[in-house]
file structure18.txt (compact mmCIF, N, CA and C atoms)
# COMPACT_ATOMS: atom_id res chain seq x y z
N MET A 42 149.24 47.56 102.28
CA MET A 42 148.86 47.92 100.92
C MET A 42 149.91 48.86 100.35
N ILE A 43 150.41 48.55 99.15
CA ILE A 43 151.42 49.37 98.50
C ILE A 43 150.74 50.36 97.57
N MET A 44 151.08 51.63 97.73
CA MET A 44 150.53 52.67 96.86
C MET A 44 151.56 52.97 95.77
N ASN A 45 151.13 52.95 94.55
CA ASN A 45 152.02 53.23 93.43
C ASN A 45 151.45 54.40 92.65
N ASP A 46 152.22 55.50 92.62
CA ASP A 46 151.77 56.70 91.93
C ASP A 46 152.35 56.80 90.53
N GLU A 47 152.79 55.68 89.99
CA GLU A 47 153.38 55.66 88.66
C GLU A 47 152.32 56.03 87.61
N THR A 48 152.69 56.91 86.71
CA THR A 48 151.78 57.35 85.65
C THR A 48 152.49 57.29 84.30
N VAL A 49 151.72 57.34 83.23
CA VAL A 49 152.29 57.40 81.89
C VAL A 49 152.79 58.83 81.67
N GLN A 50 154.07 58.94 81.34
CA GLN A 50 154.70 60.25 81.16
C GLN A 50 154.81 60.61 79.68
N ASP A 51 155.08 59.61 78.83
CA ASP A 51 155.24 59.83 77.40
C ASP A 51 154.59 58.70 76.63
N ILE A 52 154.00 59.03 75.49
CA ILE A 52 153.44 58.05 74.57
C ILE A 52 154.04 58.34 73.21
N ILE A 53 154.73 57.35 72.65
CA ILE A 53 155.35 57.50 71.33
C ILE A 53 154.61 56.58 70.36
N VAL A 54 154.07 57.17 69.30
CA VAL A 54 153.25 56.42 68.34
C VAL A 54 154.01 56.30 67.02
N ASP A 55 154.23 55.07 66.58
CA ASP A 55 154.83 54.79 65.28
C ASP A 55 153.73 54.18 64.41
N VAL A 56 153.12 55.01 63.59
CA VAL A 56 151.99 54.58 62.77
C VAL A 56 152.41 53.52 61.76
N CYS A 57 153.57 53.69 61.14
CA CYS A 57 154.03 52.74 60.11
C CYS A 57 154.22 51.33 60.67
N LYS A 58 154.74 51.24 61.88
CA LYS A 58 154.98 49.94 62.51
C LYS A 58 153.79 49.48 63.37
N ARG A 59 152.78 50.33 63.49
CA ARG A 59 151.62 50.06 64.36
C ARG A 59 152.09 49.70 65.77
N ARG A 60 153.02 50.51 66.28
CA ARG A 60 153.57 50.26 67.61
C ARG A 60 153.45 51.52 68.46
N ILE A 61 153.08 51.32 69.70
CA ILE A 61 152.93 52.42 70.65
C ILE A 61 153.85 52.13 71.83
N THR A 62 154.66 53.11 72.20
CA THR A 62 155.59 52.97 73.32
C THR A 62 155.07 53.84 74.45
N LEU A 63 154.95 53.24 75.62
CA LEU A 63 154.52 53.96 76.82
C LEU A 63 155.70 54.06 77.77
N ILE A 64 155.99 55.26 78.25
CA ILE A 64 157.08 55.47 79.19
C ILE A 64 156.49 56.04 80.47
N SER A 65 156.77 55.37 81.58
CA SER A 65 156.17 55.76 82.86
C SER A 65 157.00 56.82 83.56
N SER A 66 156.40 57.41 84.57
CA SER A 66 157.09 58.41 85.40
C SER A 66 158.24 57.79 86.18
N GLU A 67 158.25 56.45 86.29
CA GLU A 67 159.33 55.74 86.98
C GLU A 67 160.41 55.27 85.99
N GLY A 68 160.25 55.61 84.71
CA GLY A 68 161.25 55.25 83.70
C GLY A 68 161.03 53.89 83.05
N GLU A 69 159.95 53.21 83.40
CA GLU A 69 159.67 51.90 82.80
C GLU A 69 159.08 52.10 81.40
N THR A 70 159.51 51.25 80.46
CA THR A 70 159.04 51.32 79.09
C THR A 70 158.25 50.08 78.75
N ARG A 71 157.09 50.28 78.14
CA ARG A 71 156.25 49.17 77.69
C ARG A 71 155.89 49.42 76.24
N PHE A 72 155.81 48.33 75.48
CA PHE A 72 155.47 48.42 74.06
C PHE A 72 154.11 47.79 73.81
N VAL A 73 153.30 48.44 72.99
CA VAL A 73 152.02 47.90 72.55
C VAL A 73 152.17 47.66 71.06
N LYS A 74 152.27 46.40 70.67
CA LYS A 74 152.40 46.03 69.25
C LYS A 74 151.05 45.54 68.78
N CYS A 75 150.47 46.24 67.85
CA CYS A 75 149.15 45.89 67.34
C CYS A 75 149.29 44.98 66.13
N GLU A 76 148.47 43.96 66.08
CA GLU A 76 148.52 42.95 65.02
C GLU A 76 147.92 43.44 63.71
N ASP A 77 146.95 44.34 63.79
CA ASP A 77 146.31 44.81 62.55
C ASP A 77 145.87 46.26 62.75
N THR A 78 145.40 46.85 61.66
CA THR A 78 145.00 48.26 61.69
C THR A 78 143.82 48.49 62.62
N GLU A 79 142.87 47.58 62.66
CA GLU A 79 141.71 47.74 63.52
C GLU A 79 142.11 47.79 65.00
N GLN A 80 143.01 46.91 65.38
CA GLN A 80 143.49 46.89 66.78
C GLN A 80 144.25 48.19 67.08
N PHE A 81 145.10 48.62 66.16
CA PHE A 81 145.86 49.86 66.34
C PHE A 81 144.92 51.05 66.52
N MET A 82 143.90 51.13 65.67
CA MET A 82 142.96 52.25 65.75
C MET A 82 142.17 52.22 67.07
N GLY A 83 141.86 51.02 67.56
CA GLY A 83 141.18 50.89 68.84
C GLY A 83 142.03 51.43 69.99
N VAL A 84 143.31 51.08 69.98
CA VAL A 84 144.23 51.59 71.01
C VAL A 84 144.37 53.09 70.88
N MET A 85 144.48 53.59 69.66
CA MET A 85 144.60 55.04 69.45
C MET A 85 143.35 55.78 69.93
N ASP A 86 142.18 55.19 69.75
CA ASP A 86 140.95 55.82 70.26
C ASP A 86 141.01 55.98 71.77
N VAL A 87 141.49 54.96 72.47
CA VAL A 87 141.61 55.03 73.93
C VAL A 87 142.62 56.11 74.33
N ILE A 88 143.75 56.15 73.63
CA ILE A 88 144.78 57.16 73.93
C ILE A 88 144.22 58.56 73.72
N LYS A 89 143.58 58.78 72.59
CA LYS A 89 143.05 60.12 72.28
C LYS A 89 141.97 60.54 73.28
N GLU A 90 141.21 59.58 73.78
CA GLU A 90 140.13 59.88 74.72
C GLU A 90 140.65 60.18 76.13
N HIS A 91 141.74 59.49 76.54
CA HIS A 91 142.16 59.57 77.94
C HIS A 91 143.50 60.26 78.20
N ALA A 92 144.36 60.35 77.20
CA ALA A 92 145.71 60.89 77.44
C ALA A 92 145.77 62.38 77.14
N ASP A 93 146.63 63.05 77.87
CA ASP A 93 146.93 64.46 77.61
C ASP A 93 147.64 64.55 76.26
N PRO A 94 147.13 65.32 75.31
CA PRO A 94 147.77 65.41 73.99
C PRO A 94 149.23 65.87 74.06
N GLY A 95 149.60 66.56 75.13
CA GLY A 95 150.96 67.06 75.27
C GLY A 95 152.01 65.97 75.49
N ILE A 96 151.58 64.76 75.85
CA ILE A 96 152.54 63.68 76.10
C ILE A 96 152.65 62.72 74.92
N ILE A 97 151.88 62.99 73.85
CA ILE A 97 151.87 62.10 72.68
C ILE A 97 152.82 62.63 71.62
N THR A 98 153.74 61.76 71.17
CA THR A 98 154.68 62.10 70.11
C THR A 98 154.50 61.10 68.98
N TYR A 99 154.44 61.60 67.76
CA TYR A 99 154.30 60.74 66.59
C TYR A 99 155.65 60.63 65.89
N VAL A 100 156.06 59.40 65.57
CA VAL A 100 157.32 59.15 64.87
C VAL A 100 157.14 59.57 63.42
N GLU A 101 158.11 60.32 62.90
CA GLU A 101 158.07 60.73 61.50
C GLU A 101 158.31 59.53 60.60
N PRO A 102 157.50 59.36 59.55
CA PRO A 102 157.75 58.24 58.63
C PRO A 102 159.07 58.45 57.89
N LYS A 103 159.76 57.34 57.64
CA LYS A 103 161.02 57.41 56.91
C LYS A 103 160.72 57.36 55.42
N LEU A 104 161.24 58.31 54.70
CA LEU A 104 161.04 58.36 53.26
C LEU A 104 162.30 57.92 52.55
N THR A 105 162.14 57.15 51.50
CA THR A 105 163.31 56.71 50.74
C THR A 105 163.54 57.67 49.59
N THR A 106 164.78 57.73 49.16
CA THR A 106 165.13 58.55 48.00
C THR A 106 165.51 57.66 46.84
N ASP A 107 164.86 56.52 46.75
CA ASP A 107 165.12 55.56 45.69
C ASP A 107 164.61 56.12 44.37
N SER A 108 165.53 56.34 43.44
CA SER A 108 165.14 56.92 42.15
C SER A 108 164.32 55.96 41.31
N LYS A 109 164.33 54.66 41.67
CA LYS A 109 163.55 53.66 40.94
C LYS A 109 162.09 53.62 41.38
N ALA A 110 161.81 54.17 42.55
CA ALA A 110 160.43 54.16 43.06
C ALA A 110 159.59 55.15 42.28
N LYS A 111 158.39 54.73 41.93
CA LYS A 111 157.50 55.62 41.16
C LYS A 111 156.20 55.76 41.87

call {"tool": "encode", "arguments": {"input": "structure18.txt", "output": "structure tokens"}}
result
Amino acid sequence: MIMNDETVQDIIVDVCKRRITLISSEGETRFVKCEDTEQFMGVMDVIKEHADPGIITYVEPKLTTDSKAK
């Protein structure tokens, strides 16, 4: 029996893209791409319930400086 002590070390949340990146203690990266807002919110509920808040990072939204935007 192989014992694997790999754990989630970092969680990066990109709300605009509805994408969550999980980085393991072994350096492996996995992406969770949610198809819709409901699915994204469901995954976020699980993260908030089970993950240490200290390992969660939120990506800053990119703002445009388009003078035509109103």

call {"tool": "select_by_dssp", "arguments": {"input": "structure18.txt", "residues": "chain A", "states": "strand (DSSP E or B)", "output": "tab-separated table (two decimals) with N, CA and C atoms, keeping the file's coordinate frame"}}
result
chain	number	residue	atom	x	y	z
A	49	VAL	N	151.72	57.34	83.23
A	49	VAL	CA	152.29	57.40	81.89
A	49	VAL	C	152.79	58.83	81.67
A	50	GLN	N	154.07	58.94	81.34
A	50	GLN	CA	154.70	60.25	81.16
A	50	GLN	C	154.81	60.61	79.68
A	51	ASP	N	155.08	59.61	78.83
A	51	ASP	CA	155.24	59.83	77.40
A	51	ASP	C	154.59	58.70	76.63
A	52	ILE	N	154.00	59.03	75.49
A	52	ILE	CA	153.44	58.05	74.57
A	52	ILE	C	154.04	58.34	73.21
A	53	ILE	N	154.73	57.35	72.65
A	53	ILE	CA	155.35	57.50	71.33
A	53	ILE	C	154.61	56.58	70.36
A	54	VAL	N	154.07	57.17	69.30
A	54	VAL	CA	153.25	56.42	68.34
A	54	VAL	C	154.01	56.30	67.02
A	55	ASP	N	154.23	55.07	66.58
A	55	ASP	CA	154.83	54.79	65.28
A	55	ASP	C	153.73	54.18	64.41
A	60	ARG	N	153.02	50.51	66.28
A	60	ARG	CA	153.57	50.26	67.61
A	60	ARG	C	153.45	51.52	68.46
A	61	ILE	N	153.08	51.32	69.70
A	61	ILE	CA	152.93	52.42	70.65
A	61	ILE	C	153.85	52.13	71.83
A	62	THR	N	154.66	53.11	72.20
A	62	THR	CA	155.59	52.97	73.32
A	62	THR	C	155.07	53.84	74.45
A	63	LEU	N	154.95	53.24	75.62
A	63	LEU	CA	154.52	53.96	76.82
A	63	LEU	C	155.70	54.06	77.77
A	64	ILE	N	155.99	55.26	78.25
A	64	ILE	CA	157.08	55.47	79.19
A	64	ILE	C	156.49	56.04	80.47
A	65	SER	N	156.77	55.37	81.58
A	65	SER	CA	156.17	55.76	82.86
A	65	SER	C	157.00	56.82	83.56
A	70	THR	N	159.51	51.25	80.46
A	70	THR	CA	159.04	51.32	79.09
A	70	THR	C	158.25	50.08	78.75
A	71	ARG	N	157.09	50.28	78.14
A	71	ARG	CA	156.25	49.17	77.69
A	71	ARG	C	155.89	49.42	76.24
A	72	PHE	N	155.81	48.33	75.48
A	72	PHE	CA	155.47	48.42	74.06
A	72	PHE	C	154.11	47.79	73.81
A	73	VAL	N	153.30	48.44	72.99
A	73	VAL	CA	152.02	47.90	72.55
A	73	VAL	C	152.17	47.66	71.06
A	74	LYS	N	152.27	46.40	70.67
A	74	LYS	CA	152.40	46.03	69.25
A	74	LYS	C	151.05	45.54	68.78
A	97	ILE	N	151.88	62.99	73.85
A	97	ILE	CA	151.87	62.10	72.68
A	97	ILE	C	152.82	62.63	71.62
A	98	THR	N	153.74	61.76	71.17
A	98	THR	CA	154.68	62.10	70.11
A	98	THR	C	154.50	61.10	68.98
A	99	TYR	N	154.44	61.60	67.76
A	99	TYR	CA	154.30	60.74	66.59
A	99	TYR	C	155.65	60.63	65.89

call {"tool": "residues_around", "arguments": {"input": "structure18.txt", "residues": "Ile61 of chain A", "least_positions_apart": "5", "cutoff": "8 Å", "atoms": "all atoms listed in the file", "output": "list in words"}}
result
Ile52, Ile53, Val54, Asp55, Val56, Arg71, Phe72, Val73, Lys74 and Cys75 of chain A

call {"tool": "atom_distance", "arguments": {"input": "structure18.txt", "atom1": "atom CA of Ser65 of chain A", "atom2": "atom CA of Ile96 of chain A"}}
result
11.0 Å

call {"tool": "atom_distance", "arguments": {"input": "structure18.txt", "atom1": "atom CA of Ala92 of chain A", "atom2": "atom CA of Glu76 of chain A"}}
result
22.0 Å

call {"tool": "atom_distance", "arguments": {"input": "structure18.txt", "atom1": "atom N of Ser66 of chain A", "atom2": "atom CA of Asn45 of chain A"}}
result
10.7 Å

call {"tool": "select_by_dssp", "arguments": {"input": "structure18.txt", "residues": "chain A", "states": "alpha helix (DSSP H)", "output": "list in words"}}
result
Thr78, Glu79, Gln80, Phe81, Met82, Gly83, Val84, Met85, Asp86, Val87, Ile88, Lys89, Glu90 and His91 of chain A

call {"tool": "closest_residue", "arguments": {"input": "structure18.txt", "among": "A:Thr62, A:Thr48, A:Gln80, A:Thr70", "to": "Thr98 of chain A", "atoms": "only C-alpha atoms"}}
result
A:Thr62

call {"tool": "decode", "arguments": {"input": "structure18.txt", "residues": "chain A", "atoms": "C-alpha atoms", "output": "mmCIF file, in the first residue's frame"}}
result
data_model
loop_
_atom_site.group_PDB
_atom_site.id
_atom_site.type_symbol
_atom_site.label_atom_id
_atom_site.label_comp_id
_atom_site.auth_asym_id
_atom_site.auth_seq_id
_atom_site.Cartn_x
_atom_site.Cartn_y
_atom_site.Cartn_z
ATOM 1 C CA MET A 42 0.000 0.000 0.000
ATOM 2 C CA ILE A 43 1.396 3.400 -1.021
ATOM 3 C CA MET A 44 0.917 6.235 1.446
ATOM 4 C CA ASN A 45 0.669 9.683 -0.085
ATOM 5 C CA ASP A 46 0.834 12.677 2.237
ATOM 6 C CA GLU A 47 0.269 15.175 -0.561
ATOM 7 C CA THR A 48 -1.953 18.070 0.522
ATOM 8 C CA VAL A 49 -3.315 21.258 -1.032
ATOM 9 C CA GLN A 50 -0.794 24.000 -0.273
ATOM 10 C CA ASP A 51 -2.282 26.938 -2.208
ATOM 11 C CA ILE A 52 -5.670 27.783 -3.698
ATOM 12 C CA ILE A 53 -5.829 30.602 -6.243
ATOM 13 C CA VAL A 54 -9.315 31.876 -7.085
ATOM 14 C CA ASP A 55 -10.001 33.881 -10.251
ATOM 15 C CA VAL A 56 -13.598 35.032 -9.867
ATOM 16 C CA CYS A 57 -13.772 36.729 -13.287
ATOM 17 C CA LYS A 58 -12.722 33.560 -15.125
ATOM 18 C CA ARG A 59 -14.551 31.252 -12.670
ATOM 19 C CA ARG A 60 -11.337 29.264 -12.348
ATOM 20 C CA ILE A 61 -9.731 27.801 -9.255
ATOM 21 C CA THR A 62 -6.104 26.654 -9.219
ATOM 22 C CA LEU A 63 -4.997 24.084 -6.665
ATOM 23 C CA ILE A 64 -1.285 23.665 -5.935
ATOM 24 C CA SER A 65 -0.186 20.632 -3.950
ATOM 25 C CA SER A 66 2.612 20.245 -1.433
ATOM 26 C CA GLU A 67 4.368 18.143 -4.103
ATOM 27 C CA GLY A 68 4.218 21.025 -6.622
ATOM 28 C CA GLU A 69 1.445 19.547 -8.772
ATOM 29 C CA THR A 70 -1.025 22.058 -10.224
ATOM 30 C CA ARG A 71 -4.662 21.292 -10.991
ATOM 31 C CA PHE A 72 -7.267 23.601 -12.474
ATOM 32 C CA VAL A 73 -10.982 23.622 -11.671
ATOM 33 C CA LYS A 74 -12.837 25.377 -14.499
ATOM 34 C CA CYS A 75 -16.466 25.976 -13.639
ATOM 35 C CA GLU A 76 -19.011 26.116 -16.453
ATOM 36 C CA ASP A 77 -21.417 28.501 -14.743
ATOM 37 C CA THR A 78 -21.830 30.684 -11.680
ATOM 38 C CA GLU A 79 -23.816 28.061 -9.769
ATOM 39 C CA GLN A 80 -21.065 25.466 -10.179
ATOM 40 C CA PHE A 81 -18.394 28.030 -9.211
ATOM 41 C CA MET A 82 -20.304 29.011 -6.068
ATOM 42 C CA GLY A 83 -20.713 25.327 -5.133
ATOM 43 C CA VAL A 84 -16.959 24.761 -5.368
ATOM 44 C CA MET A 85 -16.315 27.955 -3.401
ATOM 45 C CA ASP A 86 -18.681 26.757 -0.649
ATOM 46 C CA VAL A 87 -16.627 23.556 -0.304
ATOM 47 C CA ILE A 88 -13.363 25.531 -0.235
ATOM 48 C CA LYS A 89 -14.641 27.975 2.387
ATOM 49 C CA GLU A 90 -15.942 25.117 4.544
ATOM 50 C CA HIS A 91 -12.841 22.899 4.409
ATOM 51 C CA ALA A 92 -9.754 24.944 3.471
ATOM 52 C CA ASP A 93 -7.553 27.034 5.717
ATOM 53 C CA PRO A 94 -8.289 30.674 4.755
ATOM 54 C CA GLY A 95 -4.544 31.368 4.886
ATOM 55 C CA ILE A 96 -3.911 29.323 1.724
ATOM 56 C CA ILE A 97 -6.594 31.045 -0.391
ATOM 57 C CA THR A 98 -5.520 33.862 -2.727
ATOM 58 C CA TYR A 99 -7.941 35.862 -4.850
ATOM 59 C CA VAL A 100 -6.784 37.198 -8.237
ATOM 60 C CA GLU A 101 -7.285 40.948 -8.566
ATOM 61 C CA PRO A 102 -9.701 41.843 -11.378
ATOM 62 C CA LYS A 103 -8.100 43.648 -14.301
ATOM 63 C CA LEU A 104 -9.540 47.090 -14.856
ATOM 64 C CA THR A 105 -9.389 48.838 -18.192
ATOM 65 C CA THR A 106 -8.635 52.498 -18.638
ATOM 66 C CA ASP A 107 -10.688 52.763 -21.801
ATOM 67 C CA SER A 108 -11.937 56.336 -22.003
ATOM 68 C CA LYS A 109 -14.841 55.153 -24.188
ATOM 69 C CA ALA A 110 -16.228 52.889 -21.456
ATOM 70 C CA LYS A 111 -19.081 54.411 -19.503
#
